[in-house]
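Here the structure is laid out as structure tokens; the discussion comes afterwards.
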Amino acid sequence: MKIIDKYILKTFAITFTTVFVILFFIFILQTIWLFIYDLAGRDLDLMLIVKFLLYGMPRIIPLVIPLSVLLASIMSFGSLSENYEFAAMKSAGISLQRAMKGLTIFIIVLSVTSFFFANNVIPYAEYKFINFRKNIAQRKPAMAIAEGQFSQIGLYSIKVDKKTGENGNHLTGVTIHKKSINGDGVRTVIKAKYGDLISSENSNLLKLVLNNGYYYEDIVPNKWEDRKKIPFAKATFKKDVINMDLSILNGDQDNQNITNTSNMLNLSELNYTIDSLRKIYKRDVISIADNIHQRSGVLNVNKSILPMKVDQVKPDLLALLTDSEKIQILQFASSNVSNTLFSVESSNEELNMKQIAINDHLGAVYDKFVVAYACLLMFFIGAPLGAIIRKGGIGLPIVFAVIIFIFFHFINTFGKRLAGENGMDPFLGSWLASLILTPLAVLLTYRATNDVGSFNLDVITVPFQNLIKRIFPTQN
């Protein structure tokens, strides 16, 4: 490696390390802030809190590394241009492409490392992180219920407006959705003004005592035509006790009992899971189609009674029946159509949820490659942009870096969210931000390497300066 390559690599490495540490510390503070209420004042050991944070750290790496590469590239190359070091290199016959050669190899190695980190370390850390949160909830069951959002405990989905008390066991504004045992949706809704959590470290039962509330329960009649009436039962109570089983949260801190999220799987596991989900989806499509076909009653028609000639078809078959028979046939047909439509809608919703699960796993596969490509993308945006604006330090480079990264992160989140809701192909949703910013990277690299002029920032700043002078004229 030549001296110029060592110099540029050293300049970039120092800047990258400094920026990475600062950003990583900021994101860690954000993680602590998100879980500060659950961790503080719960009589948890210091090692438990440290272990909890260590398991949560790897998940922020995919955000920190691309942003660090972008900011370090702008700062490093901006500083080299501002100090006329690139001008000296060009006078010595060293082009910008040659100056970026050694650093490009370093970024490629960093991208490959990021891929292996996202494929191996992050799934394991996510696996441990979620299990660890569940096990903390077993030690402090009140932590299993969060404020302002629904928390799932077995068949119960619980939301509280506020938790008070020494251990957060006094609840205000309790809303509970209880699923039916056969898993066909929520049948009971319970609301109470106040509640208390009573638990014991030696028991897997969490007792929830509710005060001043009411509940209503949907009743499913045996006859389909009675479902249109939407019957339900409603009652009020002064005190009610619900016992919830916390055995699913049982175990020590290293107990591992949750394996059903795509973020916990590596590439080979994701491919295996996606293949299984697709087979299940195809099997369900065939099963649902056969079921609907049988519901239509086409298979039960005796073909021998059908007329063989068109002129033998009766113009109005109902005219041969009495009024009571007509009513019975029409009611039967209407009920059959309603039941079939209900079955089609339910099946469509079920298939849609299965497709969303497939899209979620496909998105997890593509995200591992997006992290690696994002490092290269941010470098080929930041390095030429720094050479063009010729500004180092922490002023203007931070402005450009934040704007570009916010745009990248917003489009990336939007694409994944849309793909997760089955509104976009998972590949396009995961790669949308990268595809949009790639032309920008090509344009900036072309302008910087071919000296096609620079961006004249005075075009933007001078009008604002003139406007400020008009509003606040200087006093002589």
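FYI, nothing fancy with the structure tokens labels: chains A, B, ... in order, residues from 1 per chain, ligands from 1 as they appear.
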
With only C-alpha atoms as the counted atoms, please give the residues lying no more than 12 Å from A:Lys2, apart from itself and same-chain residues fewer than 6 positions off, as a short mmCIF file (atom, residue, chain, number, x, y, z; two decimals) with N, CA, C and O atoms, in the first residue's frame.
```cif
data_model
loop_
_atom_site.label_atom_id
_atom_site.label_comp_id
_atom_site.auth_asym_id
_atom_site.auth_seq_id
_atom_site.Cartn_x
_atom_site.Cartn_y
_atom_site.Cartn_z
N ILE A 8 -4.96 8.54 3.27
CA ILE A 8 -6.41 8.71 3.11
C ILE A 8 -7.17 7.71 3.98
O ILE A 8 -8.18 8.06 4.62
N LEU A 9 -6.69 6.46 4.03
CA LEU A 9 -7.35 5.45 4.85
C LEU A 9 -7.29 5.82 6.33
O LEU A 9 -8.28 5.65 7.06
N ARG A 98 -8.15 7.38 -8.35
CA ARG A 98 -7.00 6.71 -7.74
C ARG A 98 -6.96 6.97 -6.23
O ARG A 98 -6.62 6.06 -5.45
N ALA A 99 -7.35 8.16 -5.81
CA ALA A 99 -7.35 8.46 -4.38
C ALA A 99 -8.40 7.66 -3.63
O ALA A 99 -8.23 7.32 -2.46
N LYS A 101 -9.39 4.61 -4.50
CA LYS A 101 -9.22 3.18 -4.76
C LYS A 101 -9.02 2.38 -3.47
O LYS A 101 -9.74 1.40 -3.21
N GLY A 102 -8.04 2.77 -2.66
CA GLY A 102 -7.77 2.03 -1.43
C GLY A 102 -8.94 2.08 -0.46
O GLY A 102 -9.26 1.08 0.19
#
```

Rows by chain and residue number, stretch 63-172 of chain A within 7 Å of stretch 400-416 of chain A, shortest pair, only C-alpha atoms, as JSON lines:
```
{"residue": "A:Leu67", "atom": "CA", "partner": "A:Phe405", "partner_atom": "CA", "distance": 6.5}
{"residue": "A:Leu70", "atom": "CA", "partner": "A:Ala401", "partner_atom": "CA", "distance": 6.2}
{"residue": "A:Leu71", "atom": "CA", "partner": "A:Ala401", "partner_atom": "CA", "distance": 5.5}
```

d(atom CA of A:Lys178, atom CA of A:Asn422) in Å: 27.4 Å

Stretch 312-439 of chain A: residues DSSP assigns to alpha helix (DSSP H), reported as a PyMOL selection string: chain A and resi 323-389+396-420+426-439

Nearest to A:Ile61, chosen from A:Thr113, A:Ser73, A:Ser79, A:Ser268, with only C-alpha atoms counted in the distances: A:Thr113

For A:Ile105: contacts at 12 Å, only C-alpha atoms, fewer than 4 positions along chain excluded, given as a PDB file with all heavy atoms, in the first residue's frame:
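The resulting file, part30.pdb, is reproduced below:
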```
ATOM      1  N   MET A   1       0.848  -1.195   0.000  1.00  0.00           N
ATOM      2  CA  MET A   1       0.000   0.000   0.000  1.00  0.00           C
ATOM      3  C   MET A   1       0.881   1.242   0.000  1.00  0.00           C
ATOM      4  O   MET A   1       1.808   1.362   0.792  1.00  0.00           O
ATOM      5  CB  MET A   1      -0.909   0.003   1.229  1.00  0.00           C
ATOM      6  CG  MET A   1      -1.875   1.188   1.289  1.00  0.00           C
ATOM      7  SD  MET A   1      -2.933   1.161   2.756  1.00  0.00           S
ATOM      8  CE  MET A   1      -3.944  -0.261   2.403  1.00  0.00           C
ATOM      9  N   ASP A   5      -2.369   6.124  -0.091  1.00  0.00           N
ATOM     10  CA  ASP A   5      -3.487   5.272   0.324  1.00  0.00           C
ATOM     11  C   ASP A   5      -3.540   5.157   1.845  1.00  0.00           C
ATOM     12  O   ASP A   5      -4.624   5.188   2.445  1.00  0.00           O
ATOM     13  CB  ASP A   5      -3.345   3.882  -0.293  1.00  0.00           C
ATOM     14  CG  ASP A   5      -3.485   3.914  -1.815  1.00  0.00           C
ATOM     15  OD1 ASP A   5      -4.310   4.708  -2.315  1.00  0.00           O
ATOM     16  OD2 ASP A   5      -2.781   3.155  -2.502  1.00  0.00           O
ATOM     17  N   LEU A   9      -6.688   6.465   4.032  1.00  0.00           N
ATOM     18  CA  LEU A   9      -7.349   5.453   4.848  1.00  0.00           C
ATOM     19  C   LEU A   9      -7.286   5.817   6.330  1.00  0.00           C
ATOM     20  O   LEU A   9      -8.275   5.651   7.061  1.00  0.00           O
ATOM     21  CB  LEU A   9      -6.704   4.089   4.605  1.00  0.00           C
ATOM     22  CG  LEU A   9      -7.293   2.911   5.384  1.00  0.00           C
ATOM     23  CD1 LEU A   9      -8.776   2.745   5.046  1.00  0.00           C
ATOM     24  CD2 LEU A   9      -6.531   1.630   5.093  1.00  0.00           C
ATOM     25  N   ARG A  98      -8.154   7.382  -8.348  1.00  0.00           N
ATOM     26  CA  ARG A  98      -7.001   6.711  -7.737  1.00  0.00           C
ATOM     27  C   ARG A  98      -6.959   6.967  -6.232  1.00  0.00           C
ATOM     28  O   ARG A  98      -6.621   6.064  -5.455  1.00  0.00           O
ATOM     29  CB  ARG A  98      -5.713   7.236  -8.398  1.00  0.00           C
ATOM     30  CG  ARG A  98      -4.426   6.702  -7.772  1.00  0.00           C
ATOM     31  CD  ARG A  98      -4.337   5.190  -7.892  1.00  0.00           C
ATOM     32  NE  ARG A  98      -3.185   4.663  -7.179  1.00  0.00           N
ATOM     33  CZ  ARG A  98      -3.175   4.384  -5.889  1.00  0.00           C
ATOM     34  NH1 ARG A  98      -4.257   4.612  -5.160  1.00  0.00           N
ATOM     35  NH2 ARG A  98      -2.098   3.893  -5.318  1.00  0.00           N
ATOM     36  N   ALA A  99      -7.348   8.156  -5.811  1.00  0.00           N
ATOM     37  CA  ALA A  99      -7.346   8.460  -4.383  1.00  0.00           C
ATOM     38  C   ALA A  99      -8.402   7.656  -3.633  1.00  0.00           C
ATOM     39  O   ALA A  99      -8.226   7.319  -2.459  1.00  0.00           O
ATOM     40  CB  ALA A  99      -7.574   9.962  -4.162  1.00  0.00           C
ATOM     41  N   MET A 100      -9.509   7.325  -4.319  1.00  0.00           N
ATOM     42  CA  MET A 100     -10.586   6.576  -3.678  1.00  0.00           C
ATOM     43  C   MET A 100     -10.389   5.064  -3.771  1.00  0.00           C
ATOM     44  O   MET A 100     -11.140   4.305  -3.151  1.00  0.00           O
ATOM     45  CB  MET A 100     -11.928   6.929  -4.342  1.00  0.00           C
ATOM     46  CG  MET A 100     -12.377   8.364  -4.148  1.00  0.00           C
ATOM     47  SD  MET A 100     -13.868   8.756  -5.113  1.00  0.00           S
ATOM     48  CE  MET A 100     -15.028   7.574  -4.454  1.00  0.00           C
ATOM     49  N   LYS A 101      -9.386   4.607  -4.499  1.00  0.00           N
ATOM     50  CA  LYS A 101      -9.222   3.180  -4.758  1.00  0.00           C
ATOM     51  C   LYS A 101      -9.025   2.375  -3.472  1.00  0.00           C
ATOM     52  O   LYS A 101      -9.742   1.396  -3.213  1.00  0.00           O
ATOM     53  CB  LYS A 101      -8.047   2.963  -5.704  1.00  0.00           C
ATOM     54  CG  LYS A 101      -7.815   1.504  -6.074  1.00  0.00           C
ATOM     55  CD  LYS A 101      -6.650   1.351  -7.049  1.00  0.00           C
ATOM     56  CE  LYS A 101      -6.402  -0.102  -7.374  1.00  0.00           C
ATOM     57  NZ  LYS A 101      -5.267  -0.275  -8.328  1.00  0.00           N
ATOM     58  N   VAL A 109     -14.917  -4.310   2.067  1.00  0.00           N
ATOM     59  CA  VAL A 109     -14.716  -5.227   3.203  1.00  0.00           C
ATOM     60  C   VAL A 109     -15.702  -4.916   4.324  1.00  0.00           C
ATOM     61  O   VAL A 109     -16.272  -5.827   4.944  1.00  0.00           O
ATOM     62  CB  VAL A 109     -13.257  -5.126   3.706  1.00  0.00           C
ATOM     63  CG1 VAL A 109     -13.066  -5.949   4.981  1.00  0.00           C
ATOM     64  CG2 VAL A 109     -12.285  -5.590   2.632  1.00  0.00           C
ATOM     65  N   LEU A 110     -15.939  -3.634   4.576  1.00  0.00           N
ATOM     66  CA  LEU A 110     -16.902  -3.234   5.605  1.00  0.00           C
ATOM     67  C   LEU A 110     -18.314  -3.687   5.236  1.00  0.00           C
ATOM     68  O   LEU A 110     -19.083  -4.124   6.108  1.00  0.00           O
ATOM     69  CB  LEU A 110     -16.862  -1.718   5.790  1.00  0.00           C
ATOM     70  CG  LEU A 110     -17.808  -1.136   6.841  1.00  0.00           C
ATOM     71  CD1 LEU A 110     -17.454  -1.651   8.230  1.00  0.00           C
ATOM     72  CD2 LEU A 110     -17.765   0.392   6.808  1.00  0.00           C
ATOM     73  N   SER A 111     -18.666  -3.618   3.951  1.00  0.00           N
ATOM     74  CA  SER A 111     -19.987  -4.052   3.510  1.00  0.00           C
ATOM     75  C   SER A 111     -20.175  -5.556   3.700  1.00  0.00           C
ATOM     76  O   SER A 111     -21.231  -6.007   4.170  1.00  0.00           O
ATOM     77  CB  SER A 111     -20.202  -3.683   2.034  1.00  0.00           C
ATOM     78  OG  SER A 111     -20.115  -2.286   1.847  1.00  0.00           O
ATOM     79  N   VAL A 112     -19.146  -6.326   3.334  1.00  0.00           N
ATOM     80  CA  VAL A 112     -19.216  -7.777   3.513  1.00  0.00           C
ATOM     81  C   VAL A 112     -19.329  -8.121   4.996  1.00  0.00           C
ATOM     82  O   VAL A 112     -20.109  -8.993   5.405  1.00  0.00           O
ATOM     83  CB  VAL A 112     -17.999  -8.465   2.869  1.00  0.00           C
ATOM     84  CG1 VAL A 112     -18.001  -9.960   3.174  1.00  0.00           C
ATOM     85  CG2 VAL A 112     -17.989  -8.227   1.371  1.00  0.00           C
ATOM     86  N   CYS A 375     -23.832   0.589   2.719  1.00  0.00           N
ATOM     87  CA  CYS A 375     -22.486   1.091   3.034  1.00  0.00           C
ATOM     88  C   CYS A 375     -21.795   1.599   1.769  1.00  0.00           C
ATOM     89  O   CYS A 375     -21.200   2.693   1.759  1.00  0.00           O
ATOM     90  CB  CYS A 375     -21.656  -0.009   3.698  1.00  0.00           C
ATOM     91  SG  CYS A 375     -22.281  -0.542   5.307  1.00  0.00           S
ATOM     92  N   LEU A 376     -21.851   0.811   0.696  1.00  0.00           N
ATOM     93  CA  LEU A 376     -21.259   1.252  -0.573  1.00  0.00           C
ATOM     94  C   LEU A 376     -21.973   2.488  -1.112  1.00  0.00           C
ATOM     95  O   LEU A 376     -21.333   3.429  -1.594  1.00  0.00           O
ATOM     96  CB  LEU A 376     -21.352   0.118  -1.596  1.00  0.00           C
ATOM     97  CG  LEU A 376     -20.336  -1.028  -1.482  1.00  0.00           C
ATOM     98  CD1 LEU A 376     -20.715  -2.156  -2.419  1.00  0.00           C
ATOM     99  CD2 LEU A 376     -18.934  -0.530  -1.776  1.00  0.00           C
ATOM    100  N   PHE A 379     -21.080   5.628   0.768  1.00  0.00           N
ATOM    101  CA  PHE A 379     -19.706   6.060   0.492  1.00  0.00           C
ATOM    102  C   PHE A 379     -19.627   6.793  -0.841  1.00  0.00           C
ATOM    103  O   PHE A 379     -18.987   7.852  -0.943  1.00  0.00           O
ATOM    104  CB  PHE A 379     -18.773   4.849   0.479  1.00  0.00           C
ATOM    105  CG  PHE A 379     -17.372   5.171   0.030  1.00  0.00           C
ATOM    106  CD1 PHE A 379     -16.518   5.885   0.849  1.00  0.00           C
ATOM    107  CD2 PHE A 379     -16.922   4.775  -1.221  1.00  0.00           C
ATOM    108  CE1 PHE A 379     -15.222   6.204   0.428  1.00  0.00           C
ATOM    109  CE2 PHE A 379     -15.643   5.076  -1.643  1.00  0.00           C
ATOM    110  CZ  PHE A 379     -14.788   5.791  -0.816  1.00  0.00           C
TER     111      PHE A 379
END
```

Shell around A:Lys163 at 7 Å using only C-alpha atoms, local window under 4 positions removed, as a count of residues only: 6

Atom CA of A:Ala372 to atom CA of A:Gln97, distance in Å rounded to a single decimal: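 For atom CA of A:Ala372 relative to atom CA of A:Gln97, the distance reads 21.6 Å.
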
9 Å contact set for A:Tyr215, only C-alpha atoms, chain neighbours under 2 positions out, as a PDB file with all heavy atoms, in the first residue's frame:
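Final output, saved to part21.pdb:
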```pdb
ATOM      1  N   THR A 188     -64.775 -11.655  23.786  1.00  0.00           N
ATOM      2  CA  THR A 188     -65.122 -10.926  25.002  1.00  0.00           C
ATOM      3  C   THR A 188     -64.256  -9.686  25.134  1.00  0.00           C
ATOM      4  O   THR A 188     -63.032  -9.753  24.930  1.00  0.00           O
ATOM      5  CB  THR A 188     -64.919 -11.820  26.241  1.00  0.00           C
ATOM      6  OG1 THR A 188     -65.677 -13.027  26.071  1.00  0.00           O
ATOM      7  CG2 THR A 188     -65.401 -11.112  27.493  1.00  0.00           C
ATOM      8  N   VAL A 189     -64.887  -8.570  25.452  1.00  0.00           N
ATOM      9  CA  VAL A 189     -64.187  -7.309  25.705  1.00  0.00           C
ATOM     10  C   VAL A 189     -64.547  -6.848  27.105  1.00  0.00           C
ATOM     11  O   VAL A 189     -65.730  -6.764  27.461  1.00  0.00           O
ATOM     12  CB  VAL A 189     -64.567  -6.225  24.673  1.00  0.00           C
ATOM     13  CG1 VAL A 189     -63.872  -4.914  25.007  1.00  0.00           C
ATOM     14  CG2 VAL A 189     -64.210  -6.678  23.269  1.00  0.00           C
ATOM     15  N   ILE A 190     -63.523  -6.568  27.907  1.00  0.00           N
ATOM     16  CA  ILE A 190     -63.720  -6.153  29.301  1.00  0.00           C
ATOM     17  C   ILE A 190     -63.081  -4.788  29.490  1.00  0.00           C
ATOM     18  O   ILE A 190     -61.935  -4.570  29.074  1.00  0.00           O
ATOM     19  CB  ILE A 190     -63.093  -7.174  30.277  1.00  0.00           C
ATOM     20  CG1 ILE A 190     -63.635  -8.584  30.006  1.00  0.00           C
ATOM     21  CG2 ILE A 190     -63.342  -6.757  31.718  1.00  0.00           C
ATOM     22  CD1 ILE A 190     -62.939  -9.659  30.802  1.00  0.00           C
ATOM     23  N   LYS A 191     -63.801  -3.885  30.135  1.00  0.00           N
ATOM     24  CA  LYS A 191     -63.280  -2.548  30.444  1.00  0.00           C
ATOM     25  C   LYS A 191     -63.537  -2.270  31.927  1.00  0.00           C
ATOM     26  O   LYS A 191     -64.614  -2.568  32.439  1.00  0.00           O
ATOM     27  CB  LYS A 191     -63.942  -1.474  29.574  1.00  0.00           C
ATOM     28  CG  LYS A 191     -63.638  -1.597  28.091  1.00  0.00           C
ATOM     29  CD  LYS A 191     -64.254  -0.471  27.285  1.00  0.00           C
ATOM     30  CE  LYS A 191     -63.548   0.859  27.539  1.00  0.00           C
ATOM     31  NZ  LYS A 191     -62.181   0.859  26.983  1.00  0.00           N
ATOM     32  N   ALA A 192     -62.524  -1.709  32.574  1.00  0.00           N
ATOM     33  CA  ALA A 192     -62.641  -1.380  33.996  1.00  0.00           C
ATOM     34  C   ALA A 192     -61.901  -0.084  34.275  1.00  0.00           C
ATOM     35  O   ALA A 192     -60.897   0.224  33.622  1.00  0.00           O
ATOM     36  CB  ALA A 192     -62.084  -2.511  34.861  1.00  0.00           C
ATOM     37  N   GLY A 213     -66.378  -1.922  36.414  1.00  0.00           N
ATOM     38  CA  GLY A 213     -66.262  -2.107  34.973  1.00  0.00           C
ATOM     39  C   GLY A 213     -67.443  -2.832  34.379  1.00  0.00           C
ATOM     40  O   GLY A 213     -68.467  -3.062  35.038  1.00  0.00           O
ATOM     41  N   GLU A 217     -69.912  -9.716  25.436  1.00  0.00           N
ATOM     42  CA  GLU A 217     -69.432 -10.923  24.771  1.00  0.00           C
ATOM     43  C   GLU A 217     -70.286 -11.212  23.547  1.00  0.00           C
ATOM     44  O   GLU A 217     -71.523 -11.212  23.617  1.00  0.00           O
ATOM     45  CB  GLU A 217     -69.468 -12.119  25.719  1.00  0.00           C
ATOM     46  CG  GLU A 217     -68.982 -13.417  25.098  1.00  0.00           C
ATOM     47  CD  GLU A 217     -69.000 -14.573  26.085  1.00  0.00           C
ATOM     48  OE1 GLU A 217     -69.406 -14.338  27.244  1.00  0.00           O
ATOM     49  OE2 GLU A 217     -68.626 -15.685  25.701  1.00  0.00           O
ATOM     50  N   ALA A 233     -74.008 -10.387  24.762  1.00  0.00           N
ATOM     51  CA  ALA A 233     -74.413 -10.264  26.163  1.00  0.00           C
ATOM     52  C   ALA A 233     -73.570  -9.202  26.824  1.00  0.00           C
ATOM     53  O   ALA A 233     -72.371  -9.078  26.548  1.00  0.00           O
ATOM     54  CB  ALA A 233     -74.246 -11.607  26.870  1.00  0.00           C
ATOM     55  N   LYS A 234     -74.177  -8.409  27.709  1.00  0.00           N
ATOM     56  CA  LYS A 234     -73.484  -7.327  28.380  1.00  0.00           C
ATOM     57  C   LYS A 234     -73.821  -7.347  29.860  1.00  0.00           C
ATOM     58  O   LYS A 234     -74.968  -7.612  30.239  1.00  0.00           O
ATOM     59  CB  LYS A 234     -73.866  -5.977  27.766  1.00  0.00           C
ATOM     60  CG  LYS A 234     -73.143  -4.787  28.373  1.00  0.00           C
ATOM     61  CD  LYS A 234     -73.530  -3.494  27.679  1.00  0.00           C
ATOM     62  CE  LYS A 234     -72.796  -2.312  28.280  1.00  0.00           C
ATOM     63  NZ  LYS A 234     -73.161  -1.027  27.637  1.00  0.00           N
ATOM     64  N   ALA A 235     -72.817  -7.063  30.702  1.00  0.00           N
ATOM     65  CA  ALA A 235     -73.028  -7.039  32.150  1.00  0.00           C
ATOM     66  C   ALA A 235     -72.028  -6.099  32.793  1.00  0.00           C
ATOM     67  O   ALA A 235     -70.952  -5.826  32.232  1.00  0.00           O
ATOM     68  CB  ALA A 235     -72.891  -8.448  32.735  1.00  0.00           C
ATOM     69  N   THR A 236     -72.390  -5.588  33.945  1.00  0.00           N
ATOM     70  CA  THR A 236     -71.486  -4.725  34.720  1.00  0.00           C
ATOM     71  C   THR A 236     -71.061  -5.456  35.982  1.00  0.00           C
ATOM     72  O   THR A 236     -71.702  -6.415  36.416  1.00  0.00           O
ATOM     73  CB  THR A 236     -72.191  -3.415  35.089  1.00  0.00           C
ATOM     74  OG1 THR A 236     -73.352  -3.707  35.878  1.00  0.00           O
ATOM     75  CG2 THR A 236     -72.597  -2.647  33.844  1.00  0.00           C
ATOM     76  N   PHE A 237     -69.964  -4.991  36.568  1.00  0.00           N
ATOM     77  CA  PHE A 237     -69.477  -5.609  37.800  1.00  0.00           C
ATOM     78  C   PHE A 237     -68.762  -4.553  38.646  1.00  0.00           C
ATOM     79  O   PHE A 237     -68.238  -3.565  38.113  1.00  0.00           O
ATOM     80  CB  PHE A 237     -68.519  -6.770  37.490  1.00  0.00           C
ATOM     81  CG  PHE A 237     -67.316  -6.382  36.686  1.00  0.00           C
ATOM     82  CD1 PHE A 237     -66.173  -5.883  37.299  1.00  0.00           C
ATOM     83  CD2 PHE A 237     -67.318  -6.512  35.306  1.00  0.00           C
ATOM     84  CE1 PHE A 237     -65.063  -5.521  36.554  1.00  0.00           C
ATOM     85  CE2 PHE A 237     -66.216  -6.155  34.556  1.00  0.00           C
ATOM     86  CZ  PHE A 237     -65.088  -5.660  35.188  1.00  0.00           C
TER      87      PHE A 237
END
```
